[in-house]
$ cat input-v2.txt   # compact mmCIF, C-alpha atoms and all ligand atoms
# COMPACT_ATOMS: atom_id res chain seq x y z
CA MET A 1 86.96 102.72 180.76
CA THR A 2 88.93 105.53 182.42
CA ILE A 3 91.33 107.52 180.29
CA VAL A 4 93.81 109.71 182.14
CA THR A 5 96.42 112.19 180.96
CA VAL A 6 99.83 111.11 182.25
CA VAL A 7 101.77 114.07 180.88
CA PRO A 8 100.35 116.66 178.46
CA GLY A 9 99.66 114.90 175.16
CA ILE A 10 100.09 111.38 176.52
CA GLU A 11 97.08 109.45 177.71
CA GLY A 12 96.35 105.91 178.79
CA GLU A 13 93.65 103.67 180.15
CA VAL A 14 93.67 102.88 183.85
CA ASP A 15 93.65 99.23 184.87
CA ARG A 16 92.08 99.31 188.31
CA ALA A 17 93.28 95.84 189.24
CA THR A 18 96.98 96.52 188.70
CA GLY A 19 97.23 100.29 188.81
CA CYS A 20 98.85 100.22 185.37
CA ILE A 21 97.99 102.91 182.84
CA ASN A 22 97.99 101.22 179.43
CA TRP A 23 99.06 103.11 176.33
CA GLN A 24 96.31 102.95 173.72
CA GLY A 25 98.31 104.13 170.72
CA SER A 26 100.67 102.25 168.43
CA LYS A 27 103.24 99.90 169.90
CA PHE A 28 106.50 98.20 169.04
CA GLY A 29 106.49 94.42 168.65
CA ASN A 30 107.74 94.04 172.24
CA GLY A 31 104.71 95.94 173.57
CA TYR A 32 106.35 99.30 174.27
CA GLY A 33 104.25 102.28 173.32
CA ARG A 34 105.62 104.49 170.54
CA LYS A 35 104.84 107.98 169.39
CA TRP A 36 106.03 110.17 166.53
CA ILE A 37 107.41 113.41 167.97
CA ASP A 38 109.54 116.07 166.22
CA GLY A 39 110.35 113.84 163.27
CA LYS A 40 111.31 110.70 165.16
CA THR A 41 109.77 107.74 166.95
CA VAL A 42 110.13 107.80 170.72
CA LEU A 43 109.36 105.29 173.45
CA VAL A 44 106.34 106.63 175.30
CA HIS A 45 107.19 105.15 178.73
CA ARG A 46 110.67 106.59 178.45
CA LEU A 47 109.23 110.01 177.74
CA VAL A 48 106.99 109.67 180.81
CA LEU A 49 109.95 108.73 182.99
CA GLU A 50 111.95 111.71 181.72
CA SER A 51 109.08 113.94 182.60
CA LYS A 52 108.82 112.33 186.05
CA ILE A 53 112.48 112.94 186.87
CA ALA A 54 112.34 116.34 185.15
CA GLY A 55 115.31 115.72 182.93
CA PHE A 56 116.73 114.07 179.87
CA LEU A 57 117.35 110.36 180.42
CA HIS A 58 120.67 109.44 178.86
CA SER A 59 120.78 106.45 176.52
CA SER A 60 122.83 104.46 179.03
CA TYR A 61 119.86 104.46 181.44
CA PHE A 62 116.95 102.11 181.04
CA ALA A 63 113.39 103.14 181.68
CA CYS A 64 112.30 100.08 183.63
CA HIS A 65 108.83 98.83 184.55
CA THR A 66 108.33 97.67 188.12
CA CYS A 67 105.09 96.06 186.90
CA ASP A 68 106.61 94.05 184.00
CA ASN A 69 103.91 95.44 181.72
CA PRO A 70 105.61 96.99 178.64
CA SER A 71 102.58 99.01 177.56
CA CYS A 72 102.22 100.62 181.00
CA ILE A 73 102.99 104.36 181.14
CA SER A 74 102.16 104.94 184.80
CA PRO A 75 104.92 107.17 186.25
CA GLU A 76 104.47 105.21 189.48
CA HIS A 77 105.59 102.03 187.72
CA LEU A 78 108.67 103.46 186.00
CA ILE A 79 112.19 103.72 187.33
CA ALA A 80 115.55 104.58 185.79
CA GLY A 81 118.01 101.72 185.31
CA SER A 82 120.70 103.17 187.52
CA ALA A 83 118.18 103.88 190.28
CA ALA A 84 117.18 100.25 190.05
CA GLU A 85 120.77 99.22 190.67
CA ASN A 86 120.87 101.35 193.77
CA THR A 87 117.74 99.84 195.23
CA GLY A 88 118.95 96.31 194.55
CA GLN A 89 116.51 95.77 191.68
CA MET A 90 119.33 95.36 189.22
CA MET A 91 118.13 94.54 185.76
CA LYS A 92 119.33 91.20 184.48
CA ARG A 93 120.43 92.61 181.13
CA ASP A 94 122.88 94.93 182.92
CA ARG A 95 124.41 92.08 184.85
CA LYS A 96 125.13 90.10 181.71
CA THR A 97 127.10 92.86 180.06
CA PRO A 98 129.38 94.48 182.62
CA ARG A 99 131.23 97.40 181.14
CA ARG A 100 134.98 97.23 181.12
CA LYS A 101 135.40 100.87 180.17
CA SER A 102 136.71 103.32 182.71
CA ILE A 103 133.99 105.09 184.62
CA PRO A 104 133.94 108.92 184.49
CA GLY A 105 134.87 110.56 187.78
CA SER A 106 136.23 107.33 189.27
CA GLY A 107 139.78 108.69 189.33
CA LYS A 108 138.79 111.36 191.81
CA LEU A 109 135.69 109.98 193.51
CA SER A 110 134.87 106.52 194.80
CA ILE A 111 132.29 104.31 193.09
CA GLN A 112 130.16 104.74 196.19
CA GLN A 113 130.23 108.53 195.75
CA LEU A 114 129.34 108.20 192.06
CA ARG A 115 126.29 106.14 193.00
CA GLU A 116 125.34 108.78 195.57
CA ILE A 117 125.56 111.47 192.89
CA GLN A 118 123.29 109.51 190.54
CA THR A 119 120.75 108.86 193.29
CA LYS A 120 120.76 112.46 194.50
CA TYR A 121 120.26 113.75 190.97
CA LEU A 122 117.32 111.42 190.39
CA SER A 123 115.78 112.69 193.61
CA GLY A 124 116.08 116.31 192.58
CA THR A 125 119.50 117.71 193.52
CA THR A 126 120.78 120.00 190.77
CA LYS A 127 124.00 119.43 188.85
CA ASN A 128 125.41 122.74 190.14
CA HIS A 129 124.75 121.72 193.71
CA LEU A 130 126.35 118.28 193.14
CA ALA A 131 129.42 119.84 191.50
CA ARG A 132 129.92 122.05 194.55
CA GLU A 133 129.24 119.28 197.05
CA TYR A 134 131.70 116.83 195.48
CA GLY A 135 134.28 119.39 194.35
CA VAL A 136 134.22 118.51 190.65
CA GLN A 137 133.37 120.31 187.41
CA HIS A 138 129.77 120.63 186.25
CA GLU A 139 130.83 118.77 183.10
CA THR A 140 132.15 115.87 185.20
CA ILE A 141 128.79 115.63 186.98
CA THR A 142 127.09 115.39 183.58
CA LYS A 143 129.38 112.52 182.59
CA ILE A 144 128.88 110.76 185.94
CA LEU A 145 125.10 110.98 185.50
CA GLN A 146 125.46 109.28 182.13
CA ALA A 147 127.69 106.48 183.46
CA ASN A 148 126.39 102.96 183.83
CA ILE A 149 128.03 101.55 186.98
CA PRO A 150 127.72 97.77 187.42
CA ASP A 151 126.58 96.95 190.96
CA ASN A 152 129.56 94.72 191.71
CA PHE A 153 132.05 97.50 191.04
CA ILE A 154 133.84 99.00 194.02
CA THR A 155 136.66 101.44 194.69
CA VAL A 156 139.51 99.84 196.58
CA SER A 157 141.59 102.27 198.63
CA PRO A 158 143.40 104.43 197.66
CA ARG A 159 141.73 104.84 194.25
CA PHE A 160 141.41 101.69 192.15
CA VAL A 161 138.22 100.39 190.58
CA GLY A 162 137.64 96.64 190.78
CA GLU A 163 134.90 94.14 190.09
CA ILE A 164 133.91 91.86 192.98
CA GLN A 165 133.86 88.16 192.09
CA ASP A 166 131.88 85.41 193.76
CA ASN A 167 135.06 84.00 195.29
CA GLY A 168 135.86 87.33 196.99
CA CYS A 169 138.55 88.43 194.56
CA ILE A 170 138.27 92.00 193.27
CA ILE A 171 139.53 92.19 189.69
CA PHE A 172 141.27 95.46 188.79
CA GLN A 173 139.50 97.27 185.93
CA GLY A 174 142.42 99.28 184.53
CA ALA A 175 145.56 98.56 182.49
CA LYS A 176 147.48 95.36 183.24
CA ASP A 177 150.93 94.04 182.40
CA GLY A 178 151.60 90.77 180.58
CA ALA A 179 151.42 88.77 183.80
CA GLY A 180 148.05 90.26 184.72
CA TYR A 181 149.17 92.74 187.40
CA GLY A 182 147.37 96.08 187.42
CA LYS A 183 149.49 99.11 186.50
CA TYR A 184 149.00 102.82 187.02
CA VAL A 185 150.97 106.03 186.60
CA THR A 186 152.04 107.86 189.77
CA LYS A 187 151.87 111.64 190.31
CA ASP A 188 155.51 111.97 189.25
CA GLY A 189 154.85 110.06 186.03
CA LYS A 190 156.30 106.66 186.95
CA GLN A 191 154.63 103.36 186.20
CA ALA A 192 153.72 101.48 189.38
CA THR A 193 151.95 98.29 190.45
CA VAL A 194 148.41 98.58 191.77
CA THR A 195 148.68 95.74 194.31
CA ARG A 196 151.68 97.42 195.98
CA ALA A 197 149.74 100.67 196.38
CA VAL A 198 146.72 98.81 197.80
CA LEU A 199 148.87 96.86 200.26
CA ALA A 200 150.77 100.01 201.31
CA GLU A 201 147.43 101.69 202.01
CA LYS A 202 146.25 98.70 204.04
CA LEU A 203 149.44 98.57 206.11
CA GLY A 204 149.80 102.31 206.45
CA TYR A 205 153.30 102.72 205.05
CA GLU A 206 155.25 102.43 201.79
CA LEU A 207 156.55 98.94 201.02
CA PRO A 208 160.36 98.70 200.93
CA THR A 209 161.61 97.62 197.50
CA TYR A 210 162.66 94.18 198.80
CA ILE A 211 159.10 93.43 199.89
CA ASP A 212 156.57 92.06 197.42
CA ALA A 213 152.80 92.38 197.43
CA CYS A 214 151.84 88.68 197.35
CA HIS A 215 148.42 87.13 196.74
CA THR A 216 146.83 84.45 198.90
CA CYS A 217 144.42 83.84 196.01
CA ASP A 218 147.00 83.41 193.23
CA THR A 219 145.14 85.90 191.05
CA PRO A 220 147.55 88.60 189.81
CA SER A 221 144.76 90.99 188.80
CA CYS A 222 143.07 90.74 192.23
CA ILE A 223 143.30 93.93 194.34
CA ASN A 224 141.29 92.82 197.37
CA PRO A 225 143.38 94.06 200.34
CA GLU A 226 142.34 90.92 202.24
CA HIS A 227 144.04 88.77 199.60
CA LEU A 228 147.34 90.66 199.74
CA TRP A 229 150.25 90.26 202.09
CA ALA A 230 153.77 91.66 202.22
CA GLY A 231 156.88 89.59 202.10
CA THR A 232 159.56 87.71 200.28
CA ARG A 233 158.87 84.02 200.19
CA SER A 234 161.74 83.00 202.45
CA GLN A 235 161.00 85.69 205.01
CA ASN A 236 157.39 84.71 205.11
CA LEU A 237 158.09 81.03 205.67
CA LEU A 238 160.61 81.84 208.38
CA ASP A 239 158.16 84.17 210.03
CA ALA A 240 155.35 81.65 209.81
CA SER A 241 157.40 78.92 211.41
CA LYS A 242 158.43 81.23 214.27
CA LYS A 243 154.90 82.36 214.88
CA GLY A 244 153.56 78.82 214.49
CA ARG A 245 155.57 77.65 217.44
CA THR A 246 154.73 80.55 219.68
CA GLN A 247 151.09 81.01 218.76
CA GLY A 248 149.98 77.51 217.89
CA LYS A 249 148.89 76.61 221.41
CA SER A 250 146.73 79.64 221.94
CA HIS A 251 145.14 79.33 218.52
CA PRO A 252 141.41 78.63 218.72
CA LEU A 253 141.95 75.60 216.53
CA SER A 254 144.72 74.11 218.66
CA ASN A 255 142.70 70.93 219.06
CA ALA A 256 142.21 70.68 215.30
CA LYS A 257 143.41 67.78 213.17
CA LEU A 258 146.14 69.83 211.57
CA ASP A 259 149.23 71.57 212.91
CA TRP A 260 151.10 74.59 211.63
CA GLU A 261 153.61 72.44 209.77
CA GLN A 262 150.79 70.83 207.78
CA VAL A 263 149.00 74.13 207.24
CA ARG A 264 152.17 75.57 205.69
CA GLU A 265 152.51 72.50 203.47
CA ILE A 266 148.87 72.82 202.43
CA ARG A 267 149.32 76.48 201.49
CA GLN A 268 152.43 75.62 199.49
CA LYS A 269 150.60 72.85 197.65
CA LEU A 270 147.68 75.14 196.83
CA ALA A 271 150.09 77.84 195.68
CA ALA A 272 151.74 75.25 193.43
CA GLY A 273 148.38 74.59 191.81
CA GLU A 274 147.09 71.49 193.58
CA ARG A 275 143.32 71.24 193.74
CA MET A 276 141.56 71.86 197.05
CA LYS A 277 139.65 68.59 196.67
CA ASP A 278 142.88 66.57 196.34
CA VAL A 279 144.58 68.34 199.22
CA ALA A 280 141.53 67.77 201.44
CA GLU A 281 141.68 64.05 200.68
CA ALA A 282 145.42 63.84 201.34
CA TYR A 283 144.98 65.34 204.83
CA SER A 284 141.65 63.62 205.58
CA VAL A 285 139.83 66.89 206.18
CA GLY A 286 136.82 68.57 204.57
CA ARG A 287 137.10 70.84 201.57
CA LYS A 288 135.81 73.75 203.66
CA THR A 289 138.78 73.32 206.00
CA ILE A 290 141.16 73.61 203.05
CA HIS A 291 139.25 76.55 201.60
CA ASP A 292 139.46 78.40 204.91
CA ILE A 293 143.18 77.69 205.16
CA LYS A 294 143.73 78.93 201.63
CA TYR A 295 142.01 82.24 202.28
CA HIS A 296 143.46 82.61 205.78
CA VAL A 297 140.03 82.50 207.37
CA THR A 298 141.49 80.03 209.85
CA TRP A 299 145.13 79.56 210.81
CA LYS A 300 145.60 83.26 210.53
CA GLN A 301 148.46 84.77 212.43
CA GLU A 302 148.72 88.19 213.93
CA GLY A 303 150.73 90.29 211.51
CA GLU A 304 151.46 87.47 209.09
CA GLU A 305 151.34 89.93 206.22
CA VAL A 306 154.15 91.93 207.79
CA PRO A 307 157.37 89.97 208.14
CA ILE A 308 159.26 93.17 208.96
CA PRO A 309 158.81 95.19 212.15
CA ARG A 310 155.71 97.32 212.06
CA MET A 311 156.15 101.05 211.92
CA GLY A 312 152.52 101.87 212.58
CA GLY A 313 150.11 100.38 215.05
CA SER A 314 148.95 96.86 214.48
CA ILE A 315 145.73 96.29 212.60
CA ASP A 316 143.12 94.79 214.87
CA ARG A 317 140.90 92.62 212.68
CA LYS A 318 138.34 91.70 215.29
CA LEU A 319 135.16 93.67 215.50
CA THR A 320 133.77 95.34 218.57
CA PHE A 321 130.24 94.39 219.59
CA THR A 322 129.06 97.74 218.31
CA GLN A 323 130.63 97.03 214.92
CA ALA A 324 129.06 93.56 214.81
CA GLN A 325 125.71 95.19 215.56
CA ASP A 326 126.37 97.65 212.77
CA VAL A 327 127.14 94.75 210.41
CA ARG A 328 123.81 93.06 211.25
CA GLU A 329 121.85 96.25 210.78
CA ARG A 330 123.46 96.88 207.42
CA ILE A 331 122.68 93.34 206.23
CA LYS A 332 119.07 93.84 207.33
CA ALA A 333 118.99 97.13 205.43
CA GLY A 334 119.98 95.20 202.30
CA GLU A 335 123.68 96.01 201.96
CA SER A 336 125.70 93.33 200.19
CA ILE A 337 127.94 91.05 202.24
CA PRO A 338 131.00 91.45 199.96
CA LYS A 339 130.74 95.21 200.32
CA ILE A 340 130.45 95.08 204.11
CA ALA A 341 133.32 92.57 204.30
CA LEU A 342 135.52 94.87 202.28
CA GLU A 343 134.72 97.92 204.35
CA PHE A 344 135.61 96.15 207.57
CA GLY A 345 138.66 94.52 206.00
CA LEU A 346 137.32 91.04 206.79
CA SER A 347 136.64 87.96 204.72
CA ARG A 348 133.05 87.26 203.64
CA SER A 349 132.81 84.20 205.82
CA VAL A 350 133.33 86.37 208.91
CA ILE A 351 130.37 88.51 207.87
CA TYR A 352 128.27 85.42 207.05
CA ASP A 353 129.05 84.04 210.50
CA ILE A 354 127.89 87.27 212.10
CA LYS A 355 124.75 87.24 209.96
CA ASN A 356 123.97 83.64 210.90
CA ASN A 357 124.66 84.20 214.60
CA VAL A 358 127.60 81.79 214.54
CA THR A 359 129.75 84.51 216.07
CA TYR A 360 128.84 87.61 218.10
CA LYS A 361 125.74 85.81 219.38
CA GLY A 362 123.12 87.89 221.08
CA VAL A 363 124.55 91.20 219.91
ZN ZN A 401 102.20 99.30 185.33
ZN ZN A 402 141.86 87.58 195.34

$ encode --input "input-v2.txt" --output "structure tokens" --more "lines below"
Ligand SMILES: [Zn+2]
Ligand SMILES: [Zn+2]
Amino acid sequence: MTIVTVVPGIEGEVDRATGCINWQGSKFGNGYGRKWIDGKTVLVHRLVLESKIAGFLHSSYFACHTCDNPSCISPEHLIAGSAAENTGQMMKRDRKTPRRKSIPGSGKLSIQQLREIQTKYLSGTTKNHLAREYGVQHETITKILQANIPDNFITVSPRFVGEIQDNGCIIFQGAKDGAGYGKYVTKDGKQATVTRAVLAEKLGYELPTYIDACHTCDTPSCINPEHLWAGTRSQNLLDASKKGRTQGKSHPLSNAKLDWEQVREIRQKLAAGERMKDVAEAYSVGRKTIHDIKYHVTWKQEGEEVPIPRMGGSIDRKLTFTQAQDVRERIKAGESIPKIALEFGLSRSVIYDIKNNVTYKGV
């Protein structure tokens, strides 16, 4: 039996097989060690973790065991909940209860930057240093360190926080109007629509008042730039029919079962609420074909989101070989596909295809 001191006053027995250090004192019913300190009961493993990271662990952080042994107090087997999120070891209990509250600092900094701040602090960077590096108040850093950021949260340019869904939609996390559209207050105090700001950022210019920010996904609260396009309905249809005639032949799917006329009909039917399954049957094609049409993965036209003449340069959606290589390396390094897709302004299926060597073979 080997007893070791983990931190002054806290000892445990080493289990040589697992490397765990088991608390020998009193325990809660769930197996966590407890100790009476300064007039209150504390969790021993939590105390050990605080000592390991040399700081006070806020109540919104979990002290998590990598060994799944609740009585273990080995500093080597303990991690903070938010650090777990960053290393992809997200705790299940966090996932079940995503917070809908606004996240401190997210108005000024991106979610990605907030995660960086939390990680840097856990690895020893001081609050003062972080405040200087990110150009915010010391007090803001304190709040950011206490924030619990769900791992599917993301900042959509220019500054809106959304939650990524399995279908690729990113649901805005702020105030919404009765119809479900996100709202925010501009610098000059006017109320404005989030989707318009996101689309303007994507296109690189302000939307004229007669242009709407429309969804391909029919989800008003979605702020994924990939699901937004600019146009009035009539302009868009006119534009699509013009482009359909001129670009249809050179389209990679020109030998497909469908033509532009049918694709437009299909999109109208989906927009009107018809189910993908039914539409697929009506046109004798697979459901995947309909899904890809719906999300403009296929039958995508150059500039279809801009029915008015472009003022800036056109957005080239294709990746260079170097970018495709970058995508593969980032997937290997464990980055999530939705996140990569968003950063490159592409749909997830494009990233999956790169991952699975369907496209950009041999890169
Ligand atoms: Zn352990
Ligand atoms: Zn969407």

$ closest_residue --input "input-v2.txt" --among "A:Val327, A:Ala131, A:Ile103, A:Ala54" --to "Thr155 in chain A" --atoms "only C-alpha atoms"
A:Ile103

$ residues_near_ligand --input "input-v2.txt" --ligand "ligand ZN 402 (chain A)" --cutoff "9 Å" --atoms "all atoms listed in the file" --output "list of chain:residue names"
A:Gln165, A:Asn167, A:Gly168, A:Cys169, A:Ile170, A:Ile171, A:His215, A:Thr216, A:Cys217, A:Asp218, A:Thr219, A:Pro220, A:Ser221, A:Cys222, A:Ile223, A:Asn224, A:Pro225, A:Glu226, A:His227, A:Leu228, A:Tyr295

$ write_last_selection --input "input-v2.txt" --atoms "C-alpha atoms" --output "CSV table (one decimal), in the coordinates of the input"
chain,number,residue,atom,x,y,z
A,165,GLN,CA,133.9,88.2,192.1
A,167,ASN,CA,135.1,84.0,195.3
A,168,GLY,CA,135.9,87.3,197.0
A,169,CYS,CA,138.6,88.4,194.6
A,170,ILE,CA,138.3,92.0,193.3
A,171,ILE,CA,139.5,92.2,189.7
A,215,HIS,CA,148.4,87.1,196.7
A,216,THR,CA,146.8,84.4,198.9
A,217,CYS,CA,144.4,83.8,196.0
A,218,ASP,CA,147.0,83.4,193.2
A,219,THR,CA,145.1,85.9,191.0
A,220,PRO,CA,147.6,88.6,189.8
A,221,SER,CA,144.8,91.0,188.8
A,222,CYS,CA,143.1,90.7,192.2
A,223,ILE,CA,143.3,93.9,194.3
A,224,ASN,CA,141.3,92.8,197.4
A,225,PRO,CA,143.4,94.1,200.3
A,226,GLU,CA,142.3,90.9,202.2
A,227,HIS,CA,144.0,88.8,199.6
A,228,LEU,CA,147.3,90.7,199.7
A,295,TYR,CA,142.0,82.2,202.3

$ atom_distance --input "input-v2.txt" --atom1 "CA of Ala271 in chain A" --atom2 "CA of Gly231 in chain A"
15.0 Å

$ residues_near_ligand --input "input-v2.txt" --ligand "ligand ZN 401 (chain A)" --cutoff "8 Å" --atoms "all atoms listed in the file" --output "list of chain:residue names"
A:Thr18, A:Gly19, A:Cys20, A:Ile21, A:Asn22, A:His65, A:Thr66, A:Cys67, A:Asp68, A:Asn69, A:Pro70, A:Ser71, A:Cys72, A:Ile73, A:Ser74, A:Glu76, A:His77, A:Leu78

$ closest_residue --input "input-v2.txt" --among "A:Leu319, A:Ile79, A:Val185, A:Val297" --to "Ser347 in chain A" --atoms "only C-alpha atoms"
A:Val297

$ residues_around --input "input-v2.txt" --residues "range 198-207 of chain A" --least-positions-apart "2" --cutoff "8 Å" --atoms "all atoms listed in the file" --output "list in words"
Val156, Ser157, Pro158, Val194, Thr195, Arg196, Thr209, Ile211, Asp212, Ala213, Ile223, Pro225, Leu228, Trp229, Ala230, Met311, Gly312 and Ile315 of chain A

$ atom_distance --input "input-v2.txt" --atom1 "CA of Glu281 in chain A" --atom2 "CA of Asp259 in chain A"
16.2 Å

$ closest_residue --input "input-v2.txt" --among "A:Arg264, A:Lys269, A:His45, A:Arg132" --to "Ile10 in chain A" --atoms "all atoms listed in the file"
A:His45

$ residues_around --input "input-v2.txt" --residues "Ile331 in chain A" --least-positions-apart "4" --cutoff "12 Å" --atoms "all atoms listed in the file" --output "compact mmCIF listing (two decimals) with C-alpha atoms, in the coordinates of the input"
# COMPACT_ATOMS: atom_id res chain seq x y z
CA ALA A 324 129.06 93.56 214.81
CA GLN A 325 125.71 95.19 215.56
CA ASP A 326 126.37 97.65 212.77
CA VAL A 327 127.14 94.75 210.41
CA GLU A 335 123.68 96.01 201.96
CA SER A 336 125.70 93.33 200.19
CA ILE A 337 127.94 91.05 202.24
CA PRO A 338 131.00 91.45 199.96
CA LYS A 339 130.74 95.21 200.32
CA ILE A 340 130.45 95.08 204.11
CA ALA A 341 133.32 92.57 204.30
CA ILE A 351 130.37 88.51 207.87
CA TYR A 352 128.27 85.42 207.05
CA ILE A 354 127.89 87.27 212.10
CA LYS A 355 124.75 87.24 209.96
CA ASN A 356 123.97 83.64 210.90

$ atom_distance --input "input-v2.txt" --atom1 "CA of Gly33 in chain A" --atom2 "CA of Pro75 in chain A"
13.8 Å

$ residues_around --input "input-v2.txt" --residues "Tyr32 in chain A" --least-positions-apart "2" --cutoff "7 Å" --atoms "only C-alpha atoms" --output "list in words"
Lys27, Phe28, Asn30, Arg34, Leu43, Pro70 and Ser71 of chain A

$ write_last_selection --input "input-v2.txt" --atoms "C-alpha atoms" --output "mmCIF file, in the coordinates of the input"
data_model
loop_
_atom_site.group_PDB
_atom_site.id
_atom_site.type_symbol
_atom_site.label_atom_id
_atom_site.label_comp_id
_atom_site.auth_asym_id
_atom_site.auth_seq_id
_atom_site.Cartn_x
_atom_site.Cartn_y
_atom_site.Cartn_z
ATOM 1 C CA LYS A 27 103.240 99.900 169.900
ATOM 2 C CA PHE A 28 106.500 98.200 169.040
ATOM 3 C CA ASN A 30 107.740 94.040 172.240
ATOM 4 C CA ARG A 34 105.620 104.490 170.540
ATOM 5 C CA LEU A 43 109.360 105.290 173.450
ATOM 6 C CA PRO A 70 105.610 96.990 178.640
ATOM 7 C CA SER A 71 102.580 99.010 177.560
#

$ closest_residue --input "input-v2.txt" --among "A:Ile53, A:Val358, A:Ala282, A:Val42" --to "Ser123 in chain A" --atoms "all atoms listed in the file"
A:Ile53

$ decode --input "input-v2.txt" --residues "range 188-205 of chain A" --atoms "N, CA and C atoms" --output "short mmCIF file (atom, residue, chain, number, x, y, z; two decimals), in the first residue's frame"
data_model
loop_
_atom_site.label_atom_id
_atom_site.label_comp_id
_atom_site.auth_asym_id
_atom_site.auth_seq_id
_atom_site.Cartn_x
_atom_site.Cartn_y
_atom_site.Cartn_z
N ASP A 188 -26.07 53.06 -34.62
CA ASP A 188 -26.86 54.29 -34.47
C ASP A 188 -28.24 54.02 -33.86
N GLY A 189 -28.36 52.89 -33.15
CA GLY A 189 -29.54 52.65 -32.34
C GLY A 189 -30.78 52.14 -33.06
N LYS A 190 -30.62 51.72 -34.32
CA LYS A 190 -31.80 51.22 -35.05
C LYS A 190 -31.87 49.70 -34.95
N GLN A 191 -33.11 49.19 -34.98
CA GLN A 191 -33.27 47.74 -34.97
C GLN A 191 -33.05 47.21 -36.38
N ALA A 192 -32.29 46.14 -36.51
CA ALA A 192 -32.00 45.59 -37.83
C ALA A 192 -32.08 44.07 -37.79
N THR A 193 -32.12 43.48 -39.00
CA THR A 193 -32.27 42.03 -39.12
C THR A 193 -30.91 41.36 -39.28
N VAL A 194 -30.69 40.34 -38.48
CA VAL A 194 -29.38 39.67 -38.45
C VAL A 194 -29.02 39.05 -39.81
N THR A 195 -30.00 38.38 -40.44
CA THR A 195 -29.69 37.70 -41.71
C THR A 195 -29.22 38.70 -42.78
N ARG A 196 -29.76 39.90 -42.77
CA ARG A 196 -29.34 40.91 -43.76
C ARG A 196 -27.88 41.29 -43.53
N ALA A 197 -27.51 41.43 -42.26
CA ALA A 197 -26.13 41.81 -41.94
C ALA A 197 -25.15 40.70 -42.33
N VAL A 198 -25.58 39.45 -42.09
CA VAL A 198 -24.73 38.30 -42.42
C VAL A 198 -24.55 38.21 -43.94
N LEU A 199 -25.66 38.38 -44.67
CA LEU A 199 -25.59 38.29 -46.13
C LEU A 199 -24.76 39.44 -46.71
N ALA A 200 -24.92 40.64 -46.15
CA ALA A 200 -24.14 41.80 -46.61
C ALA A 200 -22.65 41.53 -46.42
N GLU A 201 -22.31 40.92 -45.29
CA GLU A 201 -20.91 40.60 -45.00
C GLU A 201 -20.37 39.57 -46.00
N LYS A 202 -21.21 38.58 -46.30
CA LYS A 202 -20.81 37.53 -47.25
C LYS A 202 -20.57 38.11 -48.65
N LEU A 203 -21.49 39.02 -49.05
CA LEU A 203 -21.40 39.56 -50.41
C LEU A 203 -20.41 40.72 -50.51
N GLY A 204 -20.15 41.36 -49.38
CA GLY A 204 -19.18 42.45 -49.39
C GLY A 204 -19.78 43.82 -49.65
N TYR A 205 -21.08 43.96 -49.60
CA TYR A 205 -21.69 45.28 -49.71
C TYR A 205 -23.07 45.29 -49.05
#
